[in-house]
$ cat protein.csv   # CSV, C-alpha atoms and all ligand atoms
chain,number,residue,atom,x,y,z
A,1,MET,CA,39.8,38.3,36.8
A,2,ASN,CA,36.0,38.5,37.1
A,3,ASP,CA,34.8,35.0,36.1
A,4,PHE,CA,35.9,32.8,38.9
A,5,SER,CA,34.1,29.6,37.8
A,6,GLU,CA,37.2,27.9,36.4
A,7,LEU,CA,39.2,28.7,39.5
A,8,LEU,CA,36.4,27.5,41.7
A,9,ARG,CA,36.2,24.3,39.6
A,10,ARG,CA,39.9,23.7,40.1
A,11,ILE,CA,39.6,24.3,43.9
A,12,ARG,CA,36.9,21.7,44.0
A,13,LEU,CA,39.2,19.3,42.1
A,14,LEU,CA,42.0,19.8,44.6
A,15,HIS,CA,39.5,18.5,47.3
A,16,GLU,CA,38.0,15.9,45.1
A,17,ARG,CA,34.6,17.5,45.8
A,18,PRO,CA,33.2,18.2,42.3
A,19,GLU,CA,29.8,19.2,43.8
A,20,GLY,CA,28.0,19.9,47.1
A,21,ALA,CA,29.2,22.1,49.9
A,22,LEU,CA,32.9,22.4,50.3
A,23,PRO,CA,33.5,23.7,53.8
A,24,LEU,CA,36.3,25.8,55.0
A,25,HIS,CA,37.4,23.2,57.5
A,26,ALA,CA,35.6,20.1,58.8
A,27,PRO,CA,36.8,17.6,61.4
A,28,VAL,CA,37.8,14.1,60.3
A,29,PHE,CA,37.0,11.2,62.7
A,30,GLN,CA,38.5,8.1,61.1
A,31,GLY,CA,40.7,6.8,64.0
A,32,ARG,CA,39.8,5.5,67.4
A,33,GLU,CA,37.5,8.4,68.4
A,34,ARG,CA,34.3,6.3,68.9
A,35,GLU,CA,36.2,3.6,70.8
A,36,TYR,CA,37.8,6.1,73.3
A,37,VAL,CA,34.7,8.2,73.8
A,38,LEU,CA,32.6,5.1,74.5
A,39,ASP,CA,35.3,3.8,76.8
A,40,ALA,CA,35.1,7.1,78.7
A,41,VAL,CA,31.3,6.7,79.0
A,42,ASP,CA,31.7,3.1,80.2
A,43,SER,CA,34.2,4.2,82.8
A,44,SER,CA,31.6,6.7,84.2
A,45,PHE,CA,34.5,9.3,84.3
A,46,VAL,CA,33.0,11.8,81.9
A,47,SER,CA,33.8,15.0,83.7
A,48,SER,CA,37.0,16.7,84.7
A,49,VAL,CA,38.9,13.8,86.2
A,50,GLY,CA,39.8,10.7,84.2
A,51,ALA,CA,42.5,8.7,82.5
A,52,TYR,CA,42.1,10.4,79.1
A,53,VAL,CA,42.7,13.9,80.6
A,54,ASN,CA,46.1,12.7,81.9
A,55,ARG,CA,46.8,10.8,78.7
A,56,LEU,CA,46.0,13.9,76.5
A,57,GLU,CA,48.3,16.0,78.7
A,58,ASP,CA,51.1,13.5,78.4
A,59,MET,CA,50.7,13.3,74.6
A,60,LEU,CA,50.7,17.1,74.3
A,61,GLN,CA,53.8,17.4,76.5
A,62,ASP,CA,55.5,15.0,74.2
A,63,ILE,CA,54.4,16.6,70.9
A,64,CYS,CA,55.0,20.2,72.0
A,65,GLY,CA,58.3,19.5,73.9
A,66,VAL,CA,57.2,21.2,77.1
A,67,ARG,CA,57.3,19.9,80.7
A,68,ARG,CA,53.7,20.7,81.4
A,69,ALA,CA,50.5,20.8,79.4
A,70,VAL,CA,47.2,21.5,81.2
A,71,VAL,CA,44.0,20.9,79.2
A,72,CYS,CA,41.1,23.3,79.5
A,73,VAL,CA,37.5,23.8,78.4
A,74,ASN,CA,38.6,25.9,75.4
A,75,GLY,CA,41.4,28.1,74.1
A,76,THR,CA,40.0,31.4,75.4
A,77,ALA,CA,39.8,30.0,78.9
A,78,ALA,CA,43.4,28.7,78.5
A,79,LEU,CA,44.6,32.1,77.4
A,80,HIS,CA,42.7,33.9,80.3
A,81,ALA,CA,44.3,31.6,82.8
A,82,ALA,CA,47.8,31.8,81.2
A,83,LEU,CA,47.7,35.6,81.3
A,84,PHE,CA,46.8,35.4,85.0
A,85,LEU,CA,49.7,33.0,85.6
A,86,ALA,CA,52.1,35.3,83.7
A,87,GLY,CA,51.2,38.0,86.2
A,88,VAL,CA,48.6,40.1,84.3
A,89,ARG,CA,46.4,42.0,86.7
A,90,PRO,CA,43.5,44.5,86.4
A,91,GLY,CA,44.7,47.8,85.0
A,92,ASP,CA,47.6,46.4,83.1
A,93,LEU,CA,48.3,46.7,79.4
A,94,VAL,CA,49.1,43.7,77.2
A,95,VAL,CA,50.8,44.1,73.8
A,96,THR,CA,49.3,42.0,71.0
A,97,GLN,CA,48.4,42.1,67.3
A,98,ALA,CA,45.2,43.6,65.9
A,99,PHE,CA,45.2,41.0,63.2
A,100,SER,CA,43.8,38.1,65.2
A,101,PHE,CA,40.6,36.3,66.2
A,102,VAL,CA,38.6,38.2,68.8
A,103,ALA,CA,39.4,35.6,71.6
A,104,THR,CA,42.9,37.0,71.8
A,105,ALA,CA,41.7,40.4,72.9
A,106,ASN,CA,38.7,39.0,74.9
A,107,ALA,CA,41.1,36.9,77.1
A,108,ILE,CA,43.2,40.0,77.8
A,109,ARG,CA,40.0,41.9,78.9
A,110,HIS,CA,38.9,38.9,81.0
A,111,ALA,CA,42.2,39.3,82.8
A,112,GLY,CA,41.2,42.9,83.5
A,113,ALA,CA,43.8,44.4,81.2
A,114,ASP,CA,43.6,46.4,78.0
A,115,PRO,CA,45.2,45.2,74.7
A,116,VAL,CA,47.7,47.4,72.9
A,117,PHE,CA,47.2,46.6,69.2
A,118,LEU,CA,50.4,46.6,67.2
A,119,ASP,CA,51.2,45.7,63.6
A,120,VAL,CA,52.1,42.3,62.1
A,121,ASP,CA,54.9,41.3,59.7
A,122,ALA,CA,53.8,40.7,56.1
A,123,GLU,CA,55.9,37.5,55.9
A,124,THR,CA,54.5,35.8,59.0
A,125,LEU,CA,51.1,37.5,59.6
A,126,GLY,CA,52.2,37.5,63.2
A,127,LEU,CA,53.2,40.2,65.7
A,128,SER,CA,56.1,42.3,64.3
A,129,PRO,CA,59.2,42.5,66.6
A,130,GLN,CA,59.9,45.9,65.0
A,131,ALA,CA,56.5,47.2,65.8
A,132,VAL,CA,56.9,46.0,69.4
A,133,ARG,CA,60.4,47.5,69.7
A,134,ASP,CA,59.1,50.9,68.3
A,135,PHE,CA,56.2,50.9,70.8
A,136,LEU,CA,58.5,50.1,73.8
A,137,VAL,CA,61.2,52.6,72.8
A,138,ARG,CA,58.9,55.4,71.9
A,139,GLU,CA,56.2,55.0,74.6
A,140,CYS,CA,57.6,53.0,77.5
A,141,GLY,CA,60.3,53.0,80.2
A,142,ARG,CA,61.7,50.5,82.7
A,143,VAL,CA,61.0,51.3,86.3
A,144,GLU,CA,62.3,48.9,89.1
A,145,GLY,CA,62.2,45.9,86.7
A,146,ALA,CA,58.7,46.7,85.4
A,147,CYS,CA,57.9,48.1,82.0
A,148,LEU,CA,55.6,51.2,82.3
A,149,HIS,CA,53.6,53.0,79.6
A,150,LYS,CA,54.7,56.6,80.1
A,151,ALA,CA,51.5,58.4,79.0
A,152,SER,CA,49.2,56.3,81.2
A,153,GLY,CA,51.6,55.1,83.9
A,154,ARG,CA,50.2,51.6,83.3
A,155,ARG,CA,52.3,48.4,83.5
A,156,VAL,CA,52.9,46.5,80.2
A,157,ALA,CA,52.5,43.1,81.8
A,158,ALA,CA,52.7,40.7,78.9
A,159,CYS,CA,53.1,40.3,75.2
A,160,VAL,CA,50.8,38.0,73.3
A,161,PRO,CA,52.0,37.1,69.7
A,162,MET,CA,49.7,34.9,67.6
A,163,HIS,CA,50.8,32.2,65.1
A,164,THR,CA,48.3,33.2,62.4
A,165,PHE,CA,46.6,30.4,60.5
A,166,GLY,CA,49.4,28.1,61.7
A,167,PHE,CA,52.3,30.2,60.3
A,168,PRO,CA,54.9,30.6,63.0
A,169,CYS,CA,55.6,34.2,63.9
A,170,ARG,CA,59.0,35.6,64.8
A,171,VAL,CA,58.6,34.5,68.4
A,172,GLN,CA,62.2,34.0,69.3
A,173,GLU,CA,63.0,37.6,68.4
A,174,LEU,CA,60.0,38.7,70.4
A,175,CYS,CA,61.1,36.6,73.4
A,176,GLU,CA,64.5,38.2,73.3
A,177,LEU,CA,63.2,41.7,73.0
A,178,CYS,CA,60.6,41.2,75.8
A,179,ALA,CA,63.1,39.6,78.1
A,180,ALA,CA,65.2,42.8,77.9
A,181,TRP,CA,62.1,44.8,78.9
A,182,GLY,CA,61.0,42.4,81.7
A,183,ILE,CA,57.8,41.4,79.8
A,184,PRO,CA,56.7,37.8,79.8
A,185,VAL,CA,55.6,36.3,76.5
A,186,VAL,CA,52.4,34.3,76.3
A,187,GLU,CA,52.0,32.7,72.9
A,188,ASP,CA,48.6,32.4,71.4
A,189,ALA,CA,49.2,29.2,69.4
A,190,ALA,CA,45.5,28.3,69.2
A,191,GLU,CA,45.9,27.8,65.4
A,192,ALA,CA,49.3,26.3,65.4
A,193,LEU,CA,49.2,22.7,66.7
A,194,GLY,CA,51.8,20.9,64.7
A,195,SER,CA,53.7,24.1,63.5
A,196,ARG,CA,57.4,24.3,64.3
A,197,ILE,CA,60.3,26.7,64.0
A,198,ALA,CA,63.6,24.8,63.4
A,199,GLY,CA,61.9,21.7,64.9
A,200,ARG,CA,60.7,23.4,68.0
A,201,HIS,CA,56.9,23.6,68.5
A,202,CYS,CA,55.0,26.8,68.5
A,203,GLY,CA,53.6,27.6,72.0
A,204,SER,CA,56.8,26.4,73.6
A,205,PHE,CA,59.0,29.5,73.3
A,206,GLY,CA,57.3,31.9,75.7
A,207,LEU,CA,56.8,31.6,79.5
A,208,LEU,CA,53.4,30.1,78.6
A,209,GLY,CA,51.6,29.2,75.4
A,210,ILE,CA,48.1,28.1,74.6
A,211,LEU,CA,46.3,25.8,72.1
A,212,SER,CA,42.7,25.5,70.9
A,213,PHE,CA,41.0,22.2,70.0
A,214,ASN,CA,37.8,23.8,68.8
A,215,GLY,CA,35.8,21.9,66.1
A,216,ASN,CA,37.4,24.0,63.3
A,217,LYS,CA,41.0,23.4,64.4
A,218,ILE,CA,43.5,20.8,63.0
A,219,VAL,CA,42.7,18.5,65.9
A,220,THR,CA,39.5,18.8,67.9
A,221,THR,CA,38.1,17.7,71.3
A,222,GLY,CA,34.7,19.2,70.5
A,223,GLY,CA,35.6,22.2,72.5
A,224,GLY,CA,38.9,22.5,74.3
A,225,GLY,CA,42.3,24.1,74.8
A,226,ALA,CA,45.6,23.7,76.6
A,227,ILE,CA,48.1,25.7,78.6
A,228,LEU,CA,51.7,24.9,77.7
A,229,THR,CA,54.7,25.8,79.9
A,230,ASP,CA,58.2,24.5,80.6
A,231,SER,CA,57.9,25.6,84.2
A,232,GLU,CA,56.8,22.8,86.6
A,233,ALA,CA,55.7,25.4,89.1
A,234,LEU,CA,53.5,27.3,86.6
A,235,GLY,CA,52.1,24.0,85.3
A,236,GLU,CA,51.2,22.9,88.8
A,237,LEU,CA,49.5,26.2,89.5
A,238,ALA,CA,47.7,26.1,86.1
A,239,LYS,CA,46.3,22.7,87.0
A,240,HIS,CA,45.3,23.9,90.5
A,241,LEU,CA,43.7,27.2,89.4
A,242,THR,CA,41.8,25.6,86.5
A,243,THR,CA,40.3,23.0,88.8
A,244,THR,CA,38.7,25.3,91.4
A,245,ALA,CA,41.9,25.4,93.5
A,246,LYS,CA,40.7,22.2,95.4
A,247,ARG,CA,43.4,20.8,97.7
A,248,PRO,CA,43.9,17.1,96.9
A,249,HIS,CA,41.9,15.0,99.4
A,250,PRO,CA,39.8,11.9,99.0
A,251,TRP,CA,36.6,13.4,100.3
A,252,GLU,CA,37.1,16.9,101.8
A,253,TYR,CA,36.2,20.1,99.9
A,254,ARG,CA,38.9,22.5,100.7
A,255,HIS,CA,39.8,25.3,98.3
A,256,ASP,CA,42.6,27.8,98.8
A,257,ALA,CA,42.2,30.4,96.1
A,258,VAL,CA,39.5,32.1,94.0
A,259,ALA,CA,39.8,29.9,90.9
A,260,TRP,CA,38.1,28.7,87.8
A,261,ASN,CA,36.4,25.5,86.6
A,262,TYR,CA,38.3,25.5,83.3
A,263,ARG,CA,39.4,21.8,83.2
A,264,MET,CA,38.6,19.8,80.1
A,265,PRO,CA,36.1,16.9,80.7
A,266,ASN,CA,37.4,13.4,80.2
A,267,LEU,CA,34.8,12.8,77.5
A,268,ASN,CA,36.4,15.6,75.4
A,269,ALA,CA,39.9,14.4,76.2
A,270,ALA,CA,39.0,10.9,74.9
A,271,LEU,CA,38.1,12.4,71.6
A,272,GLY,CA,41.3,14.4,71.7
A,273,CYS,CA,43.6,11.4,72.3
A,274,ALA,CA,42.3,9.7,69.2
A,275,GLN,CA,42.6,12.9,67.2
A,276,LEU,CA,46.2,13.5,68.4
A,277,GLU,CA,47.2,10.0,67.3
A,278,ARG,CA,46.7,11.3,63.8
A,279,LEU,CA,48.2,14.7,64.0
A,280,ASP,CA,51.3,14.0,61.9
A,281,GLU,CA,49.1,12.6,59.2
A,282,PHE,CA,46.8,15.6,59.3
A,283,VAL,CA,49.8,18.0,59.1
A,284,ALA,CA,51.3,16.1,56.2
A,285,ARG,CA,48.0,16.1,54.3
A,286,LYS,CA,47.5,19.8,54.9
A,287,ARG,CA,51.0,20.6,53.7
A,288,ALA,CA,50.4,18.6,50.6
A,289,LEU,CA,47.2,20.5,50.0
A,290,ALA,CA,49.1,23.8,50.4
A,291,ASP,CA,51.6,22.6,47.7
A,292,ARG,CA,48.7,21.9,45.3
A,293,TYR,CA,47.1,25.3,46.1
A,294,ALA,CA,50.5,27.0,45.4
A,295,ALA,CA,50.7,25.3,42.0
A,296,LEU,CA,47.1,26.3,41.2
A,297,PHE,CA,47.6,30.0,42.2
A,298,ALA,CA,50.9,30.2,40.3
A,299,ASP,CA,48.8,30.7,37.2
A,300,THR,CA,47.0,33.7,38.7
A,301,PRO,CA,48.0,37.3,39.6
A,302,TRP,CA,47.2,36.4,43.2
A,303,GLU,CA,49.7,35.4,46.0
A,304,PHE,CA,49.2,32.1,47.8
A,305,LEU,CA,50.8,32.5,51.2
A,306,ARG,CA,53.6,30.2,52.1
A,307,GLU,CA,55.1,29.7,55.6
A,308,PRO,CA,58.0,31.9,56.7
A,309,GLU,CA,61.5,30.7,55.9
A,310,GLY,CA,63.0,28.4,58.5
A,311,SER,CA,59.6,27.2,59.8
A,312,ALA,CA,57.2,24.4,59.1
A,313,GLY,CA,53.6,25.5,59.4
A,314,ASN,CA,50.5,23.3,59.8
A,315,TYR,CA,48.6,25.3,57.1
A,316,TRP,CA,45.6,25.2,59.3
A,317,LEU,CA,43.9,27.7,57.0
A,318,CYS,CA,45.3,28.2,53.5
A,319,SER,CA,45.2,31.8,52.4
A,320,VAL,CA,45.6,33.8,49.2
A,321,LEU,CA,46.1,37.6,48.8
A,322,LEU,CA,44.1,39.2,46.1
A,323,ARG,CA,44.9,42.6,44.5
A,324,GLY,CA,42.3,44.7,46.2
A,325,THR,CA,39.1,44.7,48.3
A,326,GLU,CA,36.8,44.8,45.4
A,327,GLU,CA,38.3,41.7,43.8
A,328,ARG,CA,38.3,40.0,47.2
A,329,ASP,CA,34.6,40.7,47.7
A,330,ALA,CA,33.8,39.4,44.2
A,331,PHE,CA,35.7,36.2,44.9
A,332,LEU,CA,34.0,35.8,48.3
A,333,GLU,CA,30.6,36.3,46.7
A,334,ALA,CA,31.3,33.9,43.8
A,335,GLY,CA,32.8,31.1,46.0
A,336,ASN,CA,30.1,31.2,48.6
A,337,ALA,CA,27.3,31.3,46.0
A,338,ALA,CA,28.8,28.2,44.4
A,339,GLY,CA,29.1,26.3,47.7
A,340,VAL,CA,32.8,26.8,48.0
A,341,MET,CA,33.3,28.3,51.4
A,342,LEU,CA,35.6,31.2,51.3
A,343,ARG,CA,36.2,33.6,54.3
A,344,PRO,CA,37.7,37.0,54.6
A,345,ALA,CA,40.2,37.8,57.4
A,346,TRP,CA,38.9,39.0,60.7
A,347,GLU,CA,37.9,42.7,61.1
A,348,LEU,CA,40.9,44.2,62.9
A,349,LEU,CA,40.4,43.9,66.7
A,350,ALA,CA,41.4,47.6,67.1
A,351,ASP,CA,38.3,48.5,65.1
A,352,LEU,CA,35.8,46.6,67.1
A,353,PRO,CA,33.5,48.8,69.3
A,354,MET,CA,34.6,47.3,72.6
A,355,TYR,CA,38.3,47.8,71.7
A,356,GLU,CA,38.2,51.1,69.8
A,357,ASN,CA,39.7,53.1,72.7
A,358,CYS,CA,42.7,50.9,73.2
A,359,PRO,CA,46.2,52.1,72.3
A,360,ARG,CA,47.5,51.0,68.8
A,361,ASP,CA,50.1,51.9,66.2
A,362,GLY,CA,49.4,52.7,62.6
A,363,LEU,CA,48.5,49.1,61.7
A,364,GLY,CA,49.4,49.7,58.1
A,365,VAL,CA,50.5,46.1,57.2
A,366,SER,CA,47.5,44.6,59.1
A,367,ARG,CA,45.0,46.8,57.2
A,368,GLY,CA,46.6,46.0,53.9
A,369,ILE,CA,46.5,42.3,54.5
A,370,ALA,CA,43.0,42.2,56.1
A,371,ALA,CA,41.6,44.0,53.0
A,372,ARG,CA,42.9,41.5,50.5
A,373,LEU,CA,43.1,38.1,52.2
A,374,VAL,CA,40.8,35.2,51.6
A,375,ASN,CA,40.9,31.9,53.5
A,376,LEU,CA,40.4,28.9,51.3
A,377,PRO,CA,38.8,25.5,52.0
A,378,SER,CA,41.6,23.8,54.0
A,379,GLY,CA,40.1,20.6,55.5
A,380,VAL,CA,41.9,17.3,55.7
A,381,ARG,CA,40.2,15.1,53.3
A,382,ALA,CA,38.3,12.2,54.7
B,401,LIG,C1,43.9,33.0,67.6
B,401,LIG,C2,43.0,32.4,68.4
B,401,LIG,N1,43.0,32.6,69.8
B,401,LIG,C3,42.2,32.0,70.6
B,401,LIG,C4,41.2,31.1,70.1
B,401,LIG,C5,40.2,30.6,71.1
B,401,LIG,O1,40.0,29.3,71.1
B,401,LIG,P1,38.6,28.7,71.5
B,401,LIG,O2,37.7,28.8,70.4
B,401,LIG,O3,39.0,27.2,71.8
B,401,LIG,O4,38.2,29.3,72.8
B,401,LIG,C6,41.1,30.9,68.8
B,401,LIG,C7,40.1,30.0,68.1
B,401,LIG,O5,39.1,29.7,68.2
B,401,LIG,C8,42.0,31.5,67.9
B,401,LIG,O6,41.9,31.3,66.6

$ encode --input "protein.csv" --output "structure tokens" --more "lines below"
Ligand SMILES: Cc1ncc(COP(=O)(O)O)c(C=O)c1O
Amino acid sequence: MNDFSELLRRIRLLHERPEGALPLHAPVFQGREREYVLDAVDSSFVSSVGAYVNRLEDMLQDICGVRRAVVCVNGTAALHAALFLAGVRPGDLVVTQAFSFVATANAIRHAGADPVFLDVDAETLGLSPQAVRDFLVRECGRVEGACLHKASGRRVAACVPMHTFGFPCRVQELCELCAAWGIPVVEDAAEALGSRIAGRHCGSFGLLGILSFNGNKIVTTGGGGAILTDSEALGELAKHLTTTAKRPHPWEYRHDAVAWNYRMPNLNAALGCAQLERLDEFVARKRALADRYAALFADTPWEFLREPEGSAGNYWLCSVLLRGTEERDAFLEAGNAAGVMLRPAWELLADLPMYENCPRDGLGVSRGIAARLVNLPSGVRA
């Protein structure tokens, strides 16, 4: 397939955008966004304290089915703090997938640890339980409750699976496996707000999970993220450590730990409350778009990726697998030249210069997918 013009025309039709730029994803503000943001301005509480911060956390707890949600300045900061809360310390190793956005590995490094890059499952695009099992059995041992990497003597302190493009990964299997090895699971659910496995929300399976509300996500706060946990104690500590560890007092400045200023400002939370009110509608619209894409690509030799069985994804970014890299590159060229924004998968994190010395497995599935995948325009129509 070399002439992509008919296919690109049909992609435009799906989005009812016959001409002009068709973005990969753009936020939609049709609800109470202006009203809430102006209300936050009028209240003078625009920074890290305010009614919308509490309201957004309550809404997230409700939607995600967790006891505590703590909103942060962005998803990377949320993941950094979550790793610390899970016990990751300088010198540790953290098992994760090479097929992810760079923030996953950056947060691990910010915590002073090194990522161990393992392969993903072809069906979920998320961390493969088999790859983790193989790594643990082959290269690790349990010593006094901790999991140690035999060759380096370093502790494997956490496992960070990612729910890629909103497809739920096999997180329950990973949690069971990691529990047997004494490794806490921190879910990177940055892309998966609204995605569920048998009704249970992604990010709620591990000891902790995180979300992102960046402008390109299904719901945005401008910039923002959240830490999710079912542990009241960890939730309380998350709130404390992301708010400069200030002891509650009406006027005194007393801080009892080295901490971060990672709290989400009220102004951003106001936007988020209005956006979250429309989450169900956004998910429904994106799932309907995925159905239309599936019908369109059924007529091609390419594979439109559907969510893993037993799960309901948010289809944050719809994706199609082409037959090879050359064909993928030709499609990317043609689409972007015609104003239809298409994007390749990320370069594998294990190949980035700052991570090239980190341990990894063969990454065969990750490489195969990364060489052939294209993300399609996936925005919720205004
Ligand atoms: C997988 C993944 N992890 C972490 C992040 C970090 O989120 P943020 O951009 O809000 O820092 C993102 C998104 O941007 C992401 O896609």

$ atom_distance --input "protein.csv" --atom1 "CA of Ala179 in chain A" --atom2 "CA of Leu228 in chain A"
18.6 Å

$ residues_around --input "protein.csv" --residues "Gln30 in chain A" --least-positions-apart "3" --cutoff "10 Å" --atoms "all atoms listed in the file" --output "PyMOL selection string"
chain A and resi 27+33-34+274-275+278+382

$ closest_residue --input "protein.csv" --among "A:Ser319, A:Asn74, A:Thr229, A:Asn375" --to "His201 in chain A" --atoms "all atoms listed in the file"
A:Thr229

$ closest_residue --input "protein.csv" --among "A:Ala334, A:Leu125, A:Leu279, A:Met264" --to "Val71 in chain A" --atoms "only C-alpha atoms"
A:Met264

$ residues_around --input "protein.csv" --residues "range 159-163 of chain A" --least-positions-apart "6" --cutoff "10 Å" --atoms "only C-alpha atoms" --output "PyMOL selection string"
chain A and resi 79+83+86+93-101+104-105+108+115-116+118+120+124-129+132+169-171+174-175+178+183-193+195+202-203+206+208-210+313

$ residues_around --input "protein.csv" --residues "range 139-143 of chain A" --least-positions-apart "2" --cutoff "12 Å" --atoms "all atoms listed in the file" --output "ChimeraX atom specification"
/A:93,95,116,131-137,145-157,178-183,359-361

$ closest_residue --input "protein.csv" --among "A:Gly199, A:Pro168, A:Pro301, A:Gly235" --to "Val66 in chain A" --atoms "only C-alpha atoms"
A:Gly235

$ closest_residue --input "protein.csv" --among "A:Glu347, A:Leu211, A:Val70, A:Glu35" --to "ligand LIG 401 (chain B)" --atoms "all atoms listed in the file"
A:Leu211

$ closest_residue --input "protein.csv" --among "A:Gln61, A:Asn268, A:Ser231, A:Gln130" --to "Tyr36 in chain A" --atoms "only C-alpha atoms"
A:Asn268

$ closest_residue --input "protein.csv" --among "A:Gly223, A:Pro90, A:Gly50, A:Pro353" --to "ligand LIG 401 (chain B)" --atoms "all atoms listed in the file"
A:Gly223

$ residues_around --input "protein.csv" --residues "Trp260 in chain A" --least-positions-apart "3" --cutoff "10 Å" --atoms "all atoms listed in the file" --output "PyMOL selection string"
chain A and resi 77+81+240-245+257+263

$ atom_distance --input "protein.csv" --atom1 "CA of Pro344 in chain A" --atom2 "CA of Glu326 in chain A"
12.1 Å

$ residues_around --input "protein.csv" --residues "Glu232 in chain A" --least-positions-apart "2" --cutoff "10 Å" --atoms "all atoms listed in the file" --output "ChimeraX atom specification"
/A:66-69,229-230,234-238

$ atom_distance --input "protein.csv" --atom1 "CA of Asn214 in chain A" --atom2 "CA of Ala270 in chain A"
14.3 Å

$ axis_aligned_box --input "protein.csv" --around "range 349-365 of chain A" --padding-each-side "8 Å" --output "lines of an AutoDock Vina configuration file"
center_x = 42.0
center_y = 48.5
center_z = 65.2
size_x = 33.0
size_y = 25.2
size_z = 32.0
